[in-house]
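See structure below.
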Amino acid sequence: MTRYAVDHARNALVAHWSTGIGDVAVTVATLSPARASDALRLAAGLTELSQACWRCYTHPASISDQHGPGSLGWHRQRERDAFAGVVPILTASTHVPVPAKIGEIAQRTGRALRALDSPELTVQVVADVAAELSAVEQAERGDLSGRAQQAVTLSREDASPLQVAQADAFLNRQPFGCEELITQIDPAAAAIAAAHWLHAAAAATGRRVRQHPVQVVAEGDHLRPLAVESLVEIVSAISFGATPRQTVMPLIRHTLHVAEGHLCGVTDAKRRIAAAERLVARTRIDHPHSDSVCLPITSLDPARPALDLLDNLMAGIHGCWLHYAGHARTQDAFSWHDPDDDRRQERHTELFLTEVRQEAATRHQHLL
């Protein structure tokens, strides 16, 4: 989302958003002399409006199970339909009744804009809001260029097949990841592609070390326990025939629900309760008088679930490589020794990447 702020040194309204590797900022308008509180209210209203509009992107109506009157899908679609009324509301001189939350925020923002009483400022702010709405619509089409690039930091309940295909192409070029993966791709789509490549890496490593792919991932001692839990769940499901999308999206959606205070799904709730009971039992053995046990209710960071999962998946691929290379070095010690460590490391890397790409290619039809 775009955040708006007042630059008191230049007396300007500025907007800034993330690109995946840092923020960019633009000057929206120069402010006329006025009370600082009026300008700050305008900046706060524009920020809240951007957040509500981008929520239509991260929580699309199309992913809802129900779309009848009063349902979740119906409410989400009403918010999305409210885009068309935002600019008219901002420029209206009188109150315009609207049922959607986006419309209510636009009403408050419009009042803050009128309080500054500057026709030139109104034109500039409306132009920026129109650009923000256009960026959301562009991201919905799977195009994250320009201002829509801010979507690379958002966790979405759905993923564009176009974005998944682009992420797969980036990972085929560099299975260890690249900058384009975090600056040009929606993280949910990138996670779907990365899950495909993690399974390929685990399978290739498993053949080399004679282990099941799940066992390869489970031995990732360089990862957090919760990260290992999510990766084991993904690789296990794909090994039994699930697609990467079928394994990744439920994890992200579940964590998005947790972020809003909900634990959805009876099966998952039972699993979490059972895990918590096991943790409590172990803790009582080590600390019989302690009641300060933290019980995780999700394996991902609720503040950034898709990005957190993508980080875990890429770390998992790197972990497979460490396991593969360690076993290869052991085999070299029993066969022949190359005095050039750098050349031997390069040879192991080339073999690993070749086998991973071959494995990924054999299951490519399951990706999209």
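In the structure tokens, each chain is lettered A, B, ... as it comes, each chain's residues begin at 1, and ligands are numbered from 1 in order of appearance.
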Test item: residues at most 12 Å from Ser118 in chain A, only C-alpha atoms, excluding those fewer than 6 positions along its chain, as a ChimeraX atom specification:
/A:29-34,39,91,112,124-125
Restricting the output to C-alpha atoms, write the selected residues as a compact mmCIF listing (two decimals), in the first residue's frame.
# COMPACT_ATOMS: atom_id res chain seq x y z
CA ALA A 29 1.49 18.33 -4.27
CA THR A 30 2.83 21.47 -2.70
CA LEU A 31 0.69 22.51 0.25
CA SER A 32 -0.54 26.02 0.74
CA PRO A 33 -0.08 27.60 4.18
CA ALA A 34 -2.59 25.95 6.47
CA ALA A 39 -2.61 18.43 6.07
CA THR A 91 -14.53 16.07 -5.63
CA ALA A 112 -9.99 16.79 4.82
CA GLN A 124 -3.23 16.96 -7.80
CA VAL A 125 -4.57 14.71 -5.03
Backbone DSSP call of helix (DSSP H, G or I) for range 186-354 of chain A, listed as a PyMOL selection string:
chain A and resi 187-209+213-218+225-239+244-259+266-286+305-335+341-354
When you look at range 128-143 of chain A with a cut-off of 7 Å (counting only C-alpha atoms), what residues show up, excluding the ones that are within fewer than 4 positions of it in the same chain? I need them as a short mmCIF file (atom, residue, chain, number, x, y, z; two decimals) with C-alpha atoms, in the first residue's frame.
data_model
loop_
_atom_site.label_atom_id
_atom_site.label_comp_id
_atom_site.auth_asym_id
_atom_site.auth_seq_id
_atom_site.Cartn_x
_atom_site.Cartn_y
_atom_site.Cartn_z
CA VAL A 28 1.99 14.60 -4.75
CA TRP A 54 -5.21 -2.75 -1.83
CA TYR A 57 -6.37 -6.99 -4.28
CA GLN A 124 -3.23 16.96 -7.80
CA ARG A 147 3.36 1.88 -9.16
CA ALA A 148 1.80 -1.59 -9.02
CA ALA A 151 2.16 -5.53 -4.61
CA SER A 160 -2.00 -14.99 -10.95
CA LEU A 162 0.93 -15.36 -15.30
CA GLN A 163 2.93 -14.39 -12.23
#
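If you count only C-alpha atoms and ignore residues fewer than 6 places along the chain from Leu144 in chain A, what sits within 8 Å of it is Gln138, Gln150, Ala151, Val152, Gln184, Ile185 and Asp186 of chain A.
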Can you spit out the residues from that selection as a compact mmCIF listing (two decimals), in the first residue's frame, using N, CA and C atoms?
# COMPACT_ATOMS: atom_id res chain seq x y z
N GLN A 138 -4.08 -2.77 -12.20
CA GLN A 138 -2.98 -3.33 -12.97
C GLN A 138 -2.43 -4.58 -12.29
N GLN A 150 4.35 -2.18 -5.77
CA GLN A 150 4.18 -2.30 -4.33
C GLN A 150 3.49 -3.61 -3.94
N ALA A 151 2.83 -4.26 -4.90
CA ALA A 151 2.16 -5.53 -4.61
C ALA A 151 3.16 -6.63 -4.24
N VAL A 152 4.44 -6.43 -4.55
CA VAL A 152 5.43 -7.48 -4.24
C VAL A 152 5.64 -7.63 -2.74
N GLN A 184 9.59 -8.18 -8.79
CA GLN A 184 8.68 -8.19 -9.94
C GLN A 184 7.52 -9.18 -9.79
N ILE A 185 7.55 -10.00 -8.76
CA ILE A 185 6.58 -11.09 -8.64
C ILE A 185 5.80 -10.98 -7.33
N ASP A 186 4.49 -11.19 -7.42
CA ASP A 186 3.66 -11.30 -6.23
C ASP A 186 4.20 -12.44 -5.37
Point out the residue among A:Ile285, A:Cys264, A:Leu309, A:Ala100 with the least atom-to-atom distance to Ile234 in chain A, counting only C-alpha atoms.
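Closest to Ile234 in chain A of all the choices is A:Leu309.
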Just the number, please: distance in Å from CA of Ser155 in chain A to CA of Leu307 in chain A, one decimal.
7.1 Å
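Residues in contact with Leu42 in chain A at 9 Å, where only C-alpha atoms are counted and same-chain residues fewer than 4 positions away are skipped, are listed as Tyr4, Ala5, Ser37, Asp38, Leu46, Thr47, Arg108, Thr109, Gly110, Arg111, Ala112, Leu113 and Leu116 of chain A.
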Within 10 Å of range 248-258 of chain A, counting only C-alpha atoms, which residues show up once you throw out same-chain ones fewer than 2 positions away? Write them as a VMD selection string, please.
chain A and resid 58 to 59 155 to 159 188 to 189 191 to 196 230 to 231 233 to 234 237 243 to 246 260 to 265 268 297 to 310
Show me, as an mmCIF file with N, CA, C and O atoms, in the first residue's frame, the residues that have an atom within 7 Å of Val235 in chain A when counting only C-alpha atoms, minus same-chain residues fewer than 4 positions from it.
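Output saved as around_27.cif:
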data_model
loop_
_atom_site.group_PDB
_atom_site.id
_atom_site.type_symbol
_atom_site.label_atom_id
_atom_site.label_comp_id
_atom_site.auth_asym_id
_atom_site.auth_seq_id
_atom_site.Cartn_x
_atom_site.Cartn_y
_atom_site.Cartn_z
ATOM 1 N N HIS A 199 10.585 -28.874 -4.086
ATOM 2 C CA HIS A 199 10.344 -30.313 -4.218
ATOM 3 C C HIS A 199 11.344 -30.927 -5.186
ATOM 4 O O HIS A 199 11.862 -32.033 -4.941
ATOM 5 N N VAL A 214 11.003 -35.720 1.791
ATOM 6 C CA VAL A 214 10.536 -35.141 3.050
ATOM 7 C C VAL A 214 11.626 -35.208 4.114
ATOM 8 O O VAL A 214 11.823 -34.260 4.890
ATOM 9 N N LEU A 231 7.751 -26.362 5.405
ATOM 10 C CA LEU A 231 8.396 -26.968 4.232
ATOM 11 C C LEU A 231 8.124 -28.469 4.165
ATOM 12 O O LEU A 231 7.908 -29.022 3.079
ATOM 13 N N SER A 239 4.673 -34.600 -2.845
ATOM 14 C CA SER A 239 5.130 -35.975 -3.073
ATOM 15 C C SER A 239 3.954 -36.942 -3.225
ATOM 16 O O SER A 239 4.058 -37.950 -3.926
#
Quick check, in Å to one decimal: how far apart do CA of Pro60 in chain A and CA of Arg76 in chain A lie?
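Separation of CA of Pro60 in chain A and CA of Arg76 in chain A: 6.7 Å.
Shortest atom-to-atom contact with Met1 in chain A among A:Gly103, A:Ala25, A:Ala115, A:Glu48: A:Glu48, counting only C-alpha atoms.
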Between CA of Val86 in chain A and CA of Ser62 in chain A, what distance in Å does the model show, to one decimal?
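Atom-to-atom, CA of Val86 in chain A to CA of Ser62 in chain A, that is 21.7 Å.
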Rank nothing, just name the residue among A:Ala52, A:Ala274, A:Val280, A:Ala204 nearest to Leu351 in chain A, using only C-alpha atoms.
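For Leu351 in chain A, the nearest of the given residues is A:Ala204.
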Nearest to Val228 in chain A among A:Leu313, A:Ile21, A:Ala92, A:Ile63, with distances taken over only C-alpha atoms: which residue is it?
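Among the listed residues, A:Leu313 lies closest to Val228 in chain A.
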